[in-house]
$ cat target-v6.tsv   # TSV, C-alpha atoms
chain	number	residue	atom	x	y	z
F	1	MET	CA	217.85	-53.21	23.87
F	2	SER	CA	216.37	-55.02	26.85
F	3	PHE	CA	213.99	-54.41	29.72
F	4	PRO	CA	214.85	-52.74	33.01
F	5	ALA	CA	214.99	-54.87	36.14
F	6	SER	CA	211.59	-56.17	37.17
F	7	ALA	CA	209.58	-54.22	39.71
F	8	PRO	CA	208.40	-55.84	42.96
F	9	VAL	CA	205.17	-57.72	42.32
F	10	LEU	CA	201.99	-56.03	43.52
F	11	PRO	CA	200.60	-57.85	46.59
F	12	ASP	CA	196.92	-57.02	46.12
F	13	VAL	CA	196.08	-58.08	42.56
F	14	ARG	CA	192.52	-59.32	42.13
F	15	ARG	CA	192.13	-59.56	38.35
F	16	VAL	CA	194.51	-60.48	35.53
F	17	LEU	CA	193.91	-60.25	31.79
F	18	ALA	CA	196.20	-62.37	29.61
F	19	VAL	CA	196.44	-61.12	26.00
F	20	PHE	CA	198.10	-63.34	23.40
F	21	ALA	CA	198.15	-63.79	19.64
F	22	HIS	CA	197.24	-67.45	19.18
F	23	PRO	CA	195.54	-70.29	21.00
F	24	ASP	CA	198.32	-72.13	22.92
F	25	ASP	CA	200.65	-69.11	23.38
F	26	VAL	CA	199.50	-68.55	26.94
F	27	ASP	CA	199.89	-72.22	27.84
F	28	PHE	CA	203.37	-72.69	26.40
F	29	GLY	CA	204.63	-69.65	28.30
F	30	CYS	CA	202.49	-69.10	31.36
F	31	ALA	CA	200.05	-71.90	32.28
F	32	GLY	CA	201.84	-72.88	35.48
F	33	THR	CA	201.99	-69.30	36.72
F	34	ILE	CA	198.33	-68.73	35.89
F	35	ALA	CA	197.34	-71.91	37.73
F	36	GLY	CA	199.08	-70.48	40.77
F	37	TRP	CA	197.25	-67.17	40.49
F	38	VAL	CA	193.92	-68.97	40.26
F	39	ASP	CA	194.85	-71.02	43.34
F	40	GLU	CA	195.47	-67.73	45.17
F	41	GLY	CA	191.95	-66.56	44.35
F	42	ILE	CA	192.89	-64.19	41.51
F	43	GLU	CA	190.34	-63.99	38.68
F	44	VAL	CA	192.08	-64.56	35.33
F	45	ALA	CA	190.61	-64.04	31.86
F	46	TYR	CA	192.13	-64.65	28.42
F	47	LEU	CA	191.92	-62.48	25.33
F	48	ILE	CA	193.14	-64.32	22.23
F	49	VAL	CA	193.63	-62.13	19.16
F	50	THR	CA	193.31	-64.84	16.47
F	51	ARG	CA	191.93	-68.35	16.23
F	52	GLY	CA	195.20	-69.69	14.90
F	53	ASN	CA	194.07	-70.79	11.45
F	54	SER	CA	197.67	-70.74	10.18
F	55	GLY	CA	198.85	-73.24	12.79
F	56	GLY	CA	199.00	-77.02	12.87
F	57	PHE	CA	201.18	-79.85	11.64
F	58	ASP	CA	198.82	-82.12	9.71
F	59	ASP	CA	196.33	-81.98	6.86
F	60	THR	CA	193.40	-80.59	8.85
F	61	PRO	CA	191.44	-78.40	6.41
F	62	ARG	CA	192.16	-74.72	7.03
F	63	GLU	CA	188.48	-73.88	7.35
F	64	GLU	CA	188.20	-76.30	10.29
F	65	MET	CA	191.21	-75.02	12.20
F	66	PRO	CA	189.69	-71.92	13.86
F	67	VAL	CA	186.83	-73.88	15.46
F	68	LEU	CA	189.21	-76.66	16.50
F	69	ARG	CA	191.75	-74.34	18.06
F	70	GLU	CA	189.16	-72.26	19.88
F	71	ALA	CA	187.83	-75.44	21.48
F	72	GLU	CA	191.37	-76.51	22.39
F	73	GLN	CA	192.06	-73.18	24.07
F	74	ARG	CA	188.88	-73.30	26.10
F	75	ALA	CA	189.73	-76.83	27.25
F	76	ALA	CA	193.28	-75.80	28.15
F	77	ALA	CA	192.03	-72.78	30.09
F	78	ALA	CA	189.66	-74.96	32.11
F	79	VAL	CA	192.59	-77.16	33.17
F	80	VAL	CA	194.20	-74.23	35.01
F	81	GLY	CA	190.91	-72.82	36.31
F	82	VAL	CA	190.29	-70.05	33.76
F	83	HIS	CA	186.70	-69.89	32.55
F	84	ARG	CA	186.55	-66.60	30.63
F	85	VAL	CA	188.18	-66.89	27.22
F	86	ASP	CA	187.38	-64.22	24.62
F	87	PHE	CA	188.51	-64.13	21.00
F	88	LEU	CA	188.83	-61.13	18.72
F	89	ASP	CA	187.59	-61.10	15.15
F	90	GLY	CA	189.10	-59.44	12.11
F	91	HIS	CA	192.79	-59.85	12.92
F	92	PRO	CA	194.49	-62.35	10.56
F	93	ASP	CA	196.76	-65.02	11.97
F	94	GLY	CA	200.30	-64.47	10.68
F	95	LEU	CA	199.75	-60.87	9.61
F	96	LEU	CA	199.15	-59.02	12.88
F	97	THR	CA	200.33	-55.44	13.28
F	98	ALA	CA	200.15	-53.14	16.29
F	99	GLY	CA	197.80	-50.77	14.49
F	100	PRO	CA	194.92	-48.69	15.86
F	101	GLU	CA	192.28	-51.36	15.26
F	102	LEU	CA	194.09	-53.92	17.41
F	103	ARG	CA	194.94	-51.32	20.05
F	104	ARG	CA	191.30	-50.29	20.24
F	105	ASP	CA	190.05	-53.85	20.60
F	106	ILE	CA	192.55	-54.63	23.38
F	107	ALA	CA	191.81	-51.33	25.15
F	108	ALA	CA	188.12	-52.20	25.02
F	109	ALA	CA	188.82	-55.58	26.61
F	110	ILE	CA	190.87	-53.92	29.35
F	111	ARG	CA	188.10	-51.43	30.10
F	112	ARG	CA	185.53	-54.21	30.07
F	113	PHE	CA	187.42	-56.60	32.43
F	114	ARG	CA	189.21	-53.92	34.51
F	115	PRO	CA	192.32	-55.92	35.46
F	116	ASP	CA	194.99	-54.90	37.95
F	117	ARG	CA	197.60	-56.84	35.97
F	118	VAL	CA	197.96	-57.53	32.25
F	119	LEU	CA	200.08	-60.45	31.02
F	120	THR	CA	201.18	-60.49	27.39
F	121	SER	CA	203.99	-61.42	25.02
F	122	SER	CA	207.14	-59.36	24.86
F	123	PRO	CA	207.23	-56.56	22.27
F	124	LEU	CA	211.05	-56.94	22.18
F	125	ARG	CA	212.63	-59.51	19.91
F	126	ARG	CA	215.11	-62.06	21.26
F	127	TRP	CA	217.85	-62.01	18.67
F	128	GLU	CA	219.44	-65.16	20.05
F	129	HIS	CA	216.14	-67.04	19.61
F	130	LEU	CA	214.29	-66.01	16.46
F	131	THR	CA	211.64	-68.73	16.64
F	132	GLY	CA	208.84	-69.01	19.18
F	133	PRO	CA	208.90	-65.84	21.31
F	134	SER	CA	210.05	-63.70	18.37
F	135	HIS	CA	207.15	-64.67	16.09
F	136	PRO	CA	205.97	-61.40	14.45
F	137	ASP	CA	202.44	-61.91	15.76
F	138	HIS	CA	203.75	-62.23	19.31
F	139	LEU	CA	205.75	-59.02	18.98
F	140	ALA	CA	202.78	-57.18	17.47
F	141	VAL	CA	200.40	-58.24	20.24
F	142	GLY	CA	202.96	-57.30	22.88
F	143	GLU	CA	203.33	-53.84	21.36
F	144	ALA	CA	199.59	-53.32	20.83
F	145	THR	CA	198.84	-54.45	24.38
F	146	THR	CA	201.49	-52.11	25.77
F	147	CYS	CA	199.90	-49.20	23.89
F	148	ALA	CA	196.46	-50.28	25.07
F	149	VAL	CA	197.64	-50.29	28.68
F	150	TYR	CA	199.19	-46.85	28.19
F	151	PRO	CA	197.71	-44.61	27.00
F	152	ASP	CA	194.63	-46.06	25.35
F	153	ALA	CA	192.71	-47.80	28.15
F	154	ARG	CA	193.16	-44.98	30.65
F	155	ASN	CA	192.71	-42.00	28.28
F	156	ARG	CA	189.07	-41.00	27.89
F	157	PHE	CA	189.95	-39.17	24.67
F	158	ALA	CA	191.49	-42.27	23.03
F	159	PHE	CA	188.92	-44.13	20.94
F	160	PRO	CA	185.96	-42.04	22.16
F	161	GLU	CA	183.56	-44.58	20.70
F	162	LEU	CA	184.43	-46.81	23.68
F	163	LEU	CA	182.84	-44.28	26.01
F	164	ALA	CA	179.70	-44.43	23.91
F	165	GLU	CA	179.70	-48.20	24.50
F	166	GLY	CA	179.79	-47.62	28.25
F	167	LEU	CA	183.47	-48.55	28.63
F	168	ALA	CA	184.97	-46.08	31.08
F	169	PRO	CA	188.74	-45.51	31.27
F	170	TRP	CA	190.72	-47.97	33.37
F	171	VAL	CA	194.28	-47.85	34.74
F	172	VAL	CA	196.22	-51.14	34.65
F	173	ARG	CA	198.70	-51.14	37.52
F	174	GLU	CA	201.14	-53.82	36.43
F	175	LEU	CA	202.33	-55.37	33.16
F	176	TRP	CA	203.99	-58.78	32.84
F	177	TYR	CA	205.89	-59.76	29.68
F	178	ALA	CA	206.49	-63.38	28.68
F	179	GLY	CA	209.12	-64.55	26.20
F	180	GLY	CA	211.25	-61.42	26.20
F	181	PRO	CA	215.01	-60.96	26.52
F	182	ALA	CA	216.61	-61.68	29.90
F	183	PRO	CA	213.47	-62.23	32.02
F	184	ASP	CA	214.41	-61.82	35.68
F	185	HIS	CA	211.25	-62.67	37.61
F	186	ALA	CA	211.04	-66.45	37.99
F	187	VAL	CA	207.89	-68.17	39.24
F	188	ASP	CA	208.38	-71.66	40.71
F	189	ILE	CA	205.65	-73.83	39.16
F	190	THR	CA	206.97	-77.24	40.25
F	191	ALA	CA	203.80	-78.05	42.21
F	192	ARG	CA	201.62	-77.11	39.23
F	193	VAL	CA	203.61	-78.63	36.38
F	194	ASP	CA	201.07	-81.41	35.80
F	195	ARG	CA	198.41	-78.80	35.03
F	196	LYS	CA	200.73	-76.98	32.66
F	197	ILE	CA	201.44	-80.22	30.80
F	198	ALA	CA	197.74	-81.07	30.63
F	199	ALA	CA	196.93	-77.58	29.32
F	200	MET	CA	199.56	-77.90	26.60
F	201	ARG	CA	198.32	-81.36	25.65
F	202	ALA	CA	194.83	-79.94	25.22
F	203	HIS	CA	196.20	-78.18	22.12
F	204	ARG	CA	196.42	-81.46	20.23
F	205	SER	CA	196.59	-79.80	16.82
F	206	GLN	CA	199.82	-78.13	17.94
F	207	THR	CA	201.39	-80.61	20.39
F	208	ALA	CA	200.42	-84.14	19.28
F	209	HIS	CA	203.83	-84.48	17.62
F	210	LEU	CA	205.68	-83.21	20.71
F	211	ASP	CA	206.88	-84.99	23.85
F	212	VAL	CA	205.27	-82.32	26.00
F	213	GLU	CA	206.46	-83.64	29.35
F	214	SER	CA	210.11	-83.77	28.30
F	215	TRP	CA	209.87	-80.35	26.63
F	216	VAL	CA	208.41	-78.77	29.77
F	217	HIS	CA	210.86	-80.37	32.18
F	218	ASP	CA	213.89	-79.53	30.04
F	219	LEU	CA	212.99	-75.89	29.41
F	220	LEU	CA	211.54	-75.05	32.80
F	221	GLY	CA	214.39	-76.83	34.56
F	222	ARG	CA	216.88	-74.59	32.74
F	223	ILE	CA	214.86	-71.49	33.60
F	224	ALA	CA	214.79	-72.50	37.27
F	225	ALA	CA	218.53	-73.21	37.30
F	226	ASP	CA	219.28	-69.85	35.67
F	227	ALA	CA	217.18	-68.18	38.38
F	228	GLY	CA	219.18	-69.88	41.12
F	229	LEU	CA	216.41	-72.19	42.29
F	230	PRO	CA	217.34	-75.56	43.86
F	231	ALA	CA	217.97	-78.56	41.64
F	232	GLY	CA	214.80	-80.26	40.48
F	233	ARG	CA	212.66	-77.12	40.54
F	234	LEU	CA	210.76	-75.86	37.48
F	235	ALA	CA	210.00	-72.22	36.70
F	236	GLU	CA	208.49	-69.81	34.20
F	237	ALA	CA	210.16	-66.40	33.85
F	238	PHE	CA	208.84	-62.91	33.12
F	239	THR	CA	209.63	-59.22	33.16
F	240	VAL	CA	207.39	-57.19	35.51
F	241	LEU	CA	206.77	-53.47	35.06
F	242	ARG	CA	204.67	-51.03	37.07
F	243	THR	CA	202.23	-49.04	34.96
F	244	GLU	CA	200.41	-46.87	37.51

$ encode --input "target-v6.tsv" --output "structure tokens"
Amino acid sequence: MSFPASAPVLPDVRRVLAVFAHPDDVDFGCAGTIAGWVDEGIEVAYLIVTRGNSGGFDDTPREEMPVLREAEQRAAAAVVGVHRVDFLDGHPDGLLTAGPELRRDIAAAIRRFRPDRVLTSSPLRRWEHLTGPSHPDHLAVGEATTCAVYPDARNRFAFPELLAEGLAPWVVRELWYAGGPAPDHAVDITARVDRKIAAMRAHRSQTAHLDVESWVHDLLGRIAADAGLPAGRLAEAFTVLRTE
């Protein structure tokens, strides 16, 4: 199973909500693209489902990790020009499921921010690459976000308590998936790669052991080459679906 061919990108997007499982997910996969959107005048906000308390590569006490990683994500967001970063509570890192509670919380965020475009992780597993993009939390957030886009956020009868909170239904027009199988919409981020690297480095608890610059150039160079871009270009790749 894979995605259909990507739809043409909407030309009039004003707001984007990026929904991801952990602090750093959005920066590993999408920071260069988001920097470009911000440069174009698009307002971008992040919704992070957990504070990543199961992450890290050193002996940082577990009780300190959520505060540390939240601060890292806010610093990384600022690097690419994103200033609204919201975190959900009550969803455990490493044990996420696309259940009604998560769907409701994401639908509420969509109704609150009212984005034209939602960017999230793929709900489809990449069988050739079972680490990274195929993390169960990533798949669960991709599925829950898809359900929140349709039908939950636009259906006034889904989660009626949201209406009582003043959150009117909202139709998301476009959905972008990161990390899925065979992405076919490449975004050239060569001119913004320094900001992507800086955003990733802001997640020191996750990247201090990593040669971030080499990692970025190697991976994004391969993505650009696969997309047919000229030698020396760097790209991030997505699947784009219309949801109107």

$ closest_atom_pairs --input "target-v6.tsv" --of "region 168-212 of chain F" --to "region 118-142 of chain F" --cutoff "10 Å" --atoms "all atoms listed in the file" --output "JSON lines"
{"residue": "F:Val172", "atom": "CA", "partner": "F:Val118", "partner_atom": "CA", "distance": 7.0}
{"residue": "F:Arg173", "atom": "CA", "partner": "F:Val118", "partner_atom": "CA", "distance": 8.3}
{"residue": "F:Glu174", "atom": "CA", "partner": "F:Val118", "partner_atom": "CA", "distance": 6.4}
{"residue": "F:Leu175", "atom": "CA", "partner": "F:Val118", "partner_atom": "CA", "distance": 5.0}
{"residue": "F:Trp176", "atom": "CA", "partner": "F:Leu119", "partner_atom": "CA", "distance": 4.6}
{"residue": "F:Tyr177", "atom": "CA", "partner": "F:Ser122", "partner_atom": "CA", "distance": 5.0}
{"residue": "F:Ala178", "atom": "CA", "partner": "F:Ser121", "partner_atom": "CA", "distance": 4.8}
{"residue": "F:Gly179", "atom": "CA", "partner": "F:Pro133", "partner_atom": "CA", "distance": 5.1}
{"residue": "F:Gly180", "atom": "CA", "partner": "F:Ser122", "partner_atom": "CA", "distance": 4.8}
{"residue": "F:Pro181", "atom": "CA", "partner": "F:Arg126", "partner_atom": "CA", "distance": 5.4}
{"residue": "F:Ala182", "atom": "CA", "partner": "F:Arg126", "partner_atom": "CA", "distance": 8.8}
{"residue": "F:Pro183", "atom": "CA", "partner": "F:Ser122", "partner_atom": "CA", "distance": 10.0}

$ atom_distance --input "target-v6.tsv" --atom1 "CA of Asp25 (chain F)" --atom2 "CA of Ala186 (chain F)"
18.1 Å

$ residues_around --input "target-v6.tsv" --residues "Gly36 (chain F)" --least-positions-apart "6" --cutoff "12 Å" --atoms "only C-alpha atoms" --output "PyMOL selection string"
chain F and resi 30+42-44+80-82+187-193+195-196+235-236

$ residues_near_point --input "target-v6.tsv" --point "(209.8, -81.7, 33.6)" --cutoff "10 Å" --atoms "all atoms listed in the file" --output "PyMOL selection string"
chain F and resi 190+193-194+197+212-221+232-235

$ atom_distance --input "target-v6.tsv" --atom1 "CA of Leu241 (chain F)" --atom2 "CA of Ala7 (chain F)"
5.5 Å

$ atom_distance --input "target-v6.tsv" --atom1 "CA of His203 (chain F)" --atom2 "CA of Arg112 (chain F)"
27.4 Å

$ residues_around --input "target-v6.tsv" --residues "Glu72 (chain F)" --least-positions-apart "3" --cutoff "12 Å" --atoms "all atoms listed in the file" --output "list in words"
His22, Pro23, Asp24, Asp25, Asp27, Arg51, Gly52, Met65, Pro66, Val67, Leu68, Arg69, Ala75, Ala76, Ala77, Ala78, Val79, Val85, Ala198, Ala199, Met200, Arg201, Ala202, His203, Arg204, Ser205, Gln206 and Thr207 of chain F

$ write_last_selection --input "target-v6.tsv" --atoms "C-alpha atoms" --output "compact mmCIF listing (two decimals), in the coordinates of the input"
# COMPACT_ATOMS: atom_id res chain seq x y z
CA HIS F 22 197.24 -67.45 19.18
CA PRO F 23 195.54 -70.29 21.00
CA ASP F 24 198.32 -72.13 22.92
CA ASP F 25 200.65 -69.11 23.38
CA ASP F 27 199.89 -72.22 27.84
CA ARG F 51 191.93 -68.35 16.23
CA GLY F 52 195.20 -69.69 14.90
CA MET F 65 191.21 -75.02 12.20
CA PRO F 66 189.69 -71.92 13.86
CA VAL F 67 186.83 -73.88 15.46
CA LEU F 68 189.21 -76.66 16.50
CA ARG F 69 191.75 -74.34 18.06
CA ALA F 75 189.73 -76.83 27.25
CA ALA F 76 193.28 -75.80 28.15
CA ALA F 77 192.03 -72.78 30.09
CA ALA F 78 189.66 -74.96 32.11
CA VAL F 79 192.59 -77.16 33.17
CA VAL F 85 188.18 -66.89 27.22
CA ALA F 198 197.74 -81.07 30.63
CA ALA F 199 196.93 -77.58 29.32
CA MET F 200 199.56 -77.90 26.60
CA ARG F 201 198.32 -81.36 25.65
CA ALA F 202 194.83 -79.94 25.22
CA HIS F 203 196.20 -78.18 22.12
CA ARG F 204 196.42 -81.46 20.23
CA SER F 205 196.59 -79.80 16.82
CA GLN F 206 199.82 -78.13 17.94
CA THR F 207 201.39 -80.61 20.39

$ closest_residue --input "target-v6.tsv" --among "F:Pro169, F:Leu95, F:Leu210, F:Val26" --to "Phe157 (chain F)" --atoms "all atoms listed in the file"
F:Pro169

$ closest_residue --input "target-v6.tsv" --among "F:Asp184, F:Arg111, F:Val240, F:His209" --to "Ala153 (chain F)" --atoms "all atoms listed in the file"
F:Arg111

$ decode --input "target-v6.tsv" --residues "region 195-234 of chain F" --atoms "C-alpha atoms" --output "mmCIF file, in the first residue's frame"
data_model
loop_
_atom_site.group_PDB
_atom_site.id
_atom_site.type_symbol
_atom_site.label_atom_id
_atom_site.label_comp_id
_atom_site.auth_asym_id
_atom_site.auth_seq_id
_atom_site.Cartn_x
_atom_site.Cartn_y
_atom_site.Cartn_z
ATOM 1 C CA ARG F 195 18.477 26.993 9.341
ATOM 2 C CA LYS F 196 17.482 23.342 9.199
ATOM 3 C CA ILE F 197 20.851 22.328 10.642
ATOM 4 C CA ALA F 198 20.596 24.961 13.378
ATOM 5 C CA ALA F 199 17.070 23.805 14.251
ATOM 6 C CA MET F 200 18.222 20.204 14.537
ATOM 7 C CA ARG F 201 21.209 21.204 16.656
ATOM 8 C CA ALA F 202 18.851 22.985 19.047
ATOM 9 C CA HIS F 203 17.665 19.501 20.073
ATOM 10 C CA ARG F 204 20.929 18.813 21.878
ATOM 11 C CA SER F 205 19.506 15.967 23.947
ATOM 12 C CA GLN F 206 18.806 14.130 20.691
ATOM 13 C CA THR F 207 21.549 15.305 18.306
ATOM 14 C CA ALA F 208 24.678 16.028 20.374
ATOM 15 C CA HIS F 209 26.050 12.617 19.378
ATOM 16 C CA LEU F 210 25.269 13.170 15.686
ATOM 17 C CA ASP F 211 27.215 14.913 12.915
ATOM 18 C CA VAL F 212 24.123 16.881 11.951
ATOM 19 C CA GLU F 213 25.621 18.673 8.966
ATOM 20 C CA SER F 214 26.837 15.466 7.326
ATOM 21 C CA TRP F 215 23.552 13.693 8.095
ATOM 22 C CA VAL F 216 21.517 16.482 6.507
ATOM 23 C CA HIS F 217 23.675 16.824 3.407
ATOM 24 C CA ASP F 218 23.827 13.072 2.798
ATOM 25 C CA LEU F 219 20.102 12.412 3.213
ATOM 26 C CA LEU F 220 18.768 15.546 1.565
ATOM 27 C CA GLY F 221 21.239 15.206 -1.283
ATOM 28 C CA ARG F 222 19.879 11.724 -2.017
ATOM 29 C CA ILE F 223 16.296 12.987 -1.846
ATOM 30 C CA ALA F 224 17.121 15.789 -4.291
ATOM 31 C CA ALA F 225 18.882 13.401 -6.670
ATOM 32 C CA ASP F 226 15.941 10.978 -6.572
ATOM 33 C CA ALA F 227 13.642 13.897 -7.446
ATOM 34 C CA GLY F 228 15.762 14.803 -10.463
ATOM 35 C CA LEU F 229 17.133 18.052 -9.058
ATOM 36 C CA PRO F 230 20.567 19.267 -10.226
ATOM 37 C CA ALA F 231 23.699 18.009 -8.503
ATOM 38 C CA GLY F 232 24.445 19.788 -5.259
ATOM 39 C CA ARG F 233 20.815 20.572 -4.423
ATOM 40 C CA LEU F 234 19.159 19.487 -1.166
#
